[in-house]
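Notes to accompany the following structure.
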2 protein chains.
Amino acid sequence: MRVGFYQFRPLFGRIERNVRQVVNALRQVDADLVVLPELAFTGYYFSSREELQKLAEDPDKSMTVDALSALCRERGFHIVTGFAEKRLDKCFNSAILIGPDGIEHIYRKLHLFNEEKRYFDEGDIPLQVNTVREVRIGMMVCFDWAFPEVARALALQGAEIICHPSNLVLSWCQQTMQSRCLENRVFAITTNRFGADRRPQGMLKFTGKSQIVAPGGKLIHRAASQRESLFITGIDPAAAHDKHITSLNDLFSDRRPEFYGTLIK
Amino acid sequence: MRVGFYQFRPLFGRIERNVRQVVNALRQVDADLVVLPELAFTGYYFSSREELQKLAEDPDKSMTVDALSALCRERGFHIVTGFAEKRLDKCFNSAILIGPDGIEHIYRKLHLFNEEKRYFDEGDIPLQVNTVREVRIGMMVCFDWAFPEVARALALQGAEIICHPSNLVLSWCQQTMQSRCLENRVFAITTNRFGADRRPQGMLKFTGKSQIVAPGGKLIHRAASQRESLFITGIDPAAAHDKHITSLNDLFSDRRPEFYGTLIK
């Protein structure tokens, strides 16, 4: 299976221009699954809920989704992308799985980061795994990395690849995602953006270094911090089936869930 | 609070000699809490359950515990040590919290590593936190590091310091414990042994590098791999109370346990 990421620099509020950049970048790509950054088309640093509501799109009537679906049809691949999702009066920081036939699943970020709390609604639907070409795909968004329960819940549902659109401003995620892949023995594709959102209320700089990690925590590839980067590689998703860390230790069957009750209180 | 570790090289089966080494090493120490390695007195690599049953001790009639209790009285500190615990026909790979008045709590390793499964019984009592001088102490043993649920359950119960006796033969634990301290914002003291157990059935080499990590994941100190190391430092356990990673993100109150049900199935 050929998977990868496209790390780029969205321009705030310029949805059409950002969609065009992604479509142009991916038009020649030979892949099965490409992961884009969080909020890849709107930009990240909203100044108010009103501004977000203006830029967010209903995925069912979205030029962006239409363009990405057309791209998936043309190239025969799937995309996971961050997306500002509007539903009636709510706005979610979502990840969408799009294939040749359109939207296959939407995940709404469960753990909002910092000022996102001022304008986004919290995710309200369960973590779920979807099948793409017989490969089980889980989605999480950016700050979900800080909560071990998220990758764990996806892996326990059979995820072989965790797709992780991000807009990282801190430096801890990449190393922690290696721990997530070590403890869950899954692949993870973390796609970050680079550049900055310079807005009236301030400036946020994003840290790039998108990466793909293998089960066991080994880094397959990490991009540079402030550079456009399209990276595609072949992986064997079946490597995520083997949860053994020694011949006698299967990290999943060794779990003792009867002692983990505190985690859901 | 002055906390630390004593990394040393136990000799297999020579309980009295190992106790004497620890007592001699700690007799001049000015500390509140010292963490010793897993199975610090028996050694680690048992060749059979029968051999373990011969070497394991009932903590209530144990010369080892008596010597450590006397040391705690003399110095006015607490010790957390790995201990081969015998109870009737069962043997547990345990950690014991000992103070001037004797045993305060026993934790029995929930996740047995590799050949331990052939001779130890699985832990059978809940993860729990104990108070030492108004500081909340959690205990876990070695391979528990690979299961994010363990440190999480202790931290959610209020642990400020996780004491982690270990006999590590792999290289992944130290970095992962930094992730545990980042995601839970607690201190962790991982005490490993060094040297090797050369036994009829084979040889196991232990990797040292005992460490203390601060909330946030910052490494306070890491010992060398193959060297005796007594390290004591002052920490402020209250640093573990603040779970904020940004002004708007408290890593504990931001959790969404209603979406984590998969973890206890």
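The way I read the labels, and the way they are meant: chains A, B, ... in the order of the structure tokens, residue 1 as the first residue of every chain, and ligand 1 as the first ligand shown, with later ones counted on from there.
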
Write out as a list in words each polymer residue whose atoms come within 7 Å of region 161-172 of chain B, counting only C-alpha atoms; drop sequence neighbours fewer than 5 positions from it. Val35, Leu36, Pro37, Glu38, Val80, Thr81, Gly82, Arg136, Ile137, Gly138, Met139, Met140, Val141, Cys142, Val186, Phe187, Ala188, Ile189, Thr190, Thr191, Asn192, Arg193, Lys205, Phe206 and Thr207 of chain B

I need the alpha helix (DSSP H) residues of region 101-175 of chain B per DSSP on the backbone, written as a ChimeraX atom specification. /B:116-119,148-156,173-175

Hey, what's within 7 Å of Phe231 (chain B) if we count only C-alpha atoms and toss same-chain stuff fewer than 4 positions away? As a list of chain:residue names, please?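 My list of contacting residues is B:Gly4, B:Phe5, B:Tyr6.
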
Write the residues you've just listed into a file as a PDB file, in the first residue's frame, and include all heavy atoms for each of them.
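Saved result, selection-v1.pdb, follows:
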```
ATOM      1  N   GLY B   4      15.048   9.822  44.991  1.00  0.00           N
ATOM      2  CA  GLY B   4      16.109   9.336  44.117  1.00  0.00           C
ATOM      3  C   GLY B   4      16.074   7.846  43.910  1.00  0.00           C
ATOM      4  O   GLY B   4      15.099   7.171  44.242  1.00  0.00           O
ATOM      5  N   PHE B   5      17.160   7.361  43.338  1.00  0.00           N
ATOM      6  CA  PHE B   5      17.241   5.937  43.034  1.00  0.00           C
ATOM      7  C   PHE B   5      18.619   5.387  43.384  1.00  0.00           C
ATOM      8  O   PHE B   5      19.595   6.128  43.460  1.00  0.00           O
ATOM      9  CB  PHE B   5      16.918   5.662  41.556  1.00  0.00           C
ATOM     10  CG  PHE B   5      17.797   6.367  40.553  1.00  0.00           C
ATOM     11  CD1 PHE B   5      19.103   5.949  40.310  1.00  0.00           C
ATOM     12  CD2 PHE B   5      17.303   7.445  39.815  1.00  0.00           C
ATOM     13  CE1 PHE B   5      19.899   6.575  39.359  1.00  0.00           C
ATOM     14  CE2 PHE B   5      18.090   8.090  38.865  1.00  0.00           C
ATOM     15  CZ  PHE B   5      19.401   7.659  38.641  1.00  0.00           C
ATOM     16  N   TYR B   6      18.646   4.083  43.589  1.00  0.00           N
ATOM     17  CA  TYR B   6      19.921   3.383  43.731  1.00  0.00           C
ATOM     18  C   TYR B   6      19.968   2.270  42.692  1.00  0.00           C
ATOM     19  O   TYR B   6      19.280   1.254  42.808  1.00  0.00           O
ATOM     20  CB  TYR B   6      20.073   2.811  45.141  1.00  0.00           C
ATOM     21  CG  TYR B   6      21.365   2.040  45.342  1.00  0.00           C
ATOM     22  CD1 TYR B   6      22.578   2.549  44.882  1.00  0.00           C
ATOM     23  CD2 TYR B   6      21.370   0.795  45.973  1.00  0.00           C
ATOM     24  CE1 TYR B   6      23.765   1.836  45.050  1.00  0.00           C
ATOM     25  CE2 TYR B   6      22.551   0.081  46.153  1.00  0.00           C
ATOM     26  CZ  TYR B   6      23.742   0.614  45.682  1.00  0.00           C
ATOM     27  OH  TYR B   6      24.919  -0.093  45.838  1.00  0.00           O
TER      28      TYR B   6
END
```

Enumerate as a count of residues only the residues belonging to chain B that approach chain A to within 7 Å, with only C-alpha atoms taken into account. 25

Which of region 76-260 of chain B end up as strand (DSSP E or B) when DSSP is run on this backbone - answer as a ChimeraX atom specification? /B:78-87,90-99,102-108,121,129-132,135-139,161-165,187-191,196-199,202-205,211-213,219-222,229-234,244-246,249-250

Do a neighbour search on Arg198 (chain A) at 12 Å with only C-alpha atoms, toss out local chain neighbours closer than 2 positions, and write the hits as a PyMOL selection string. chain A and resi 10-13+43-47+195-196+200-206

Restricting it to C-alpha atoms, dump the selection as a CSV table (one decimal), in the first residue's frame.
```csv
chain,number,residue,atom,x,y,z
A,10,PRO,CA,-2.3,27.1,3.5
A,11,LEU,CA,-3.1,30.8,3.3
A,12,PHE,CA,-5.6,31.9,5.9
A,13,GLY,CA,-9.2,32.2,4.5
A,43,GLY,CA,-6.3,28.1,7.7
A,44,TYR,CA,-6.2,27.7,11.5
A,45,TYR,CA,-6.1,30.9,13.6
A,46,PHE,CA,-9.7,32.2,13.5
A,47,SER,CA,-10.3,35.5,15.2
A,195,GLY,CA,4.3,28.7,7.8
A,196,ALA,CA,2.3,31.0,10.0
A,200,PRO,CA,-5.3,40.8,13.9
A,201,GLN,CA,-5.3,39.0,17.3
A,202,GLY,CA,-1.7,37.6,16.9
A,203,MET,CA,0.5,35.2,15.0
A,204,LEU,CA,0.8,31.4,15.2
A,205,LYS,CA,3.7,29.6,13.6
A,206,PHE,CA,3.4,26.0,12.7
```

Could you jot down the CA of Ser69 (chain A) to CA of Phe92 (chain A) separation for me, Å, one decimal place?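 These atoms are spaced 20.3 Å apart.
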
Find the residues around Tyr107 (chain B) up to 7 Å (only C-alpha atoms counted), leave out those fewer than 4 positions away in its own chain, and share them as a PDB file with all heavy atoms, in the first residue's frame.
```
ATOM      1  N   SER B  94       6.430  -8.122  42.738  1.00  0.00           N
ATOM      2  CA  SER B  94       5.785  -7.024  43.448  1.00  0.00           C
ATOM      3  C   SER B  94       6.699  -5.823  43.659  1.00  0.00           C
ATOM      4  O   SER B  94       7.918  -5.916  43.514  1.00  0.00           O
ATOM      5  CB  SER B  94       5.296  -7.518  44.819  1.00  0.00           C
ATOM      6  OG  SER B  94       4.315  -8.519  44.640  1.00  0.00           O
ATOM      7  N   ALA B  95       6.064  -4.694  43.973  1.00  0.00           N
ATOM      8  CA  ALA B  95       6.780  -3.521  44.486  1.00  0.00           C
ATOM      9  C   ALA B  95       6.224  -3.260  45.879  1.00  0.00           C
ATOM     10  O   ALA B  95       5.002  -3.327  46.086  1.00  0.00           O
ATOM     11  CB  ALA B  95       6.558  -2.309  43.588  1.00  0.00           C
ATOM     12  N   ILE B  96       7.113  -2.988  46.831  1.00  0.00           N
ATOM     13  CA  ILE B  96       6.663  -2.737  48.203  1.00  0.00           C
ATOM     14  C   ILE B  96       7.074  -1.342  48.615  1.00  0.00           C
ATOM     15  O   ILE B  96       8.218  -0.924  48.379  1.00  0.00           O
ATOM     16  CB  ILE B  96       7.280  -3.734  49.204  1.00  0.00           C
ATOM     17  CG1 ILE B  96       7.101  -5.179  48.716  1.00  0.00           C
ATOM     18  CG2 ILE B  96       6.645  -3.572  50.577  1.00  0.00           C
ATOM     19  CD1 ILE B  96       7.427  -6.208  49.785  1.00  0.00           C
ATOM     20  N   MET B 139       2.808   3.130  42.391  1.00  0.00           N
ATOM     21  CA  MET B 139       3.846   2.147  42.057  1.00  0.00           C
ATOM     22  C   MET B 139       3.458   1.365  40.813  1.00  0.00           C
ATOM     23  O   MET B 139       2.298   0.963  40.647  1.00  0.00           O
ATOM     24  CB  MET B 139       4.049   1.161  43.213  1.00  0.00           C
ATOM     25  CG  MET B 139       4.642   1.804  44.461  1.00  0.00           C
ATOM     26  SD  MET B 139       5.132   0.560  45.708  1.00  0.00           S
ATOM     27  CE  MET B 139       3.539   0.167  46.441  1.00  0.00           C
TER      28      MET B 139
END
```

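Among the candidates B:Ile15, B:Ala84, B:Leu33, B:Ala223, the one nearest to Arg2 (chain B) when counting only C-alpha atoms is B:Leu33.
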
To one decimal in Å, tell me the separation between CA of Asn130 (chain A) and CA of Gln174 (chain A).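 Straight-line distance from CA of Asn130 (chain A) to CA of Gln174 (chain A) works out to 23.9 Å.
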
To one decimal place in Å, what is the distance between CA of Arg185 (chain A) and CA of Phe143 (chain B)?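 Separating CA of Arg185 (chain A) from CA of Phe143 (chain B) is a distance of 15.7 Å.
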
Would you kindly return, as a VMD selection string, each protein, DNA or RNA residue with an atom no farther than 8 Å from any atom of Arg227 (chain B), considering only C-alpha atoms and excluding same-chain residues fewer than 6 positions away? chain B and resid 7 to 8 194 208

Selected residue of minimal separation from Asp32 (chain A) among A:Glu134, A:Glu228, A:Asp121, A:Asp197, counting only C-alpha atoms: A:Glu134

Env of Arg49 (chain B): 9 Å cut, atoms = only C-alpha atoms, seq-sep filter 6 positions within chain, self excluded. Answer as a ChimeraX atom specification. /B:91,118-120
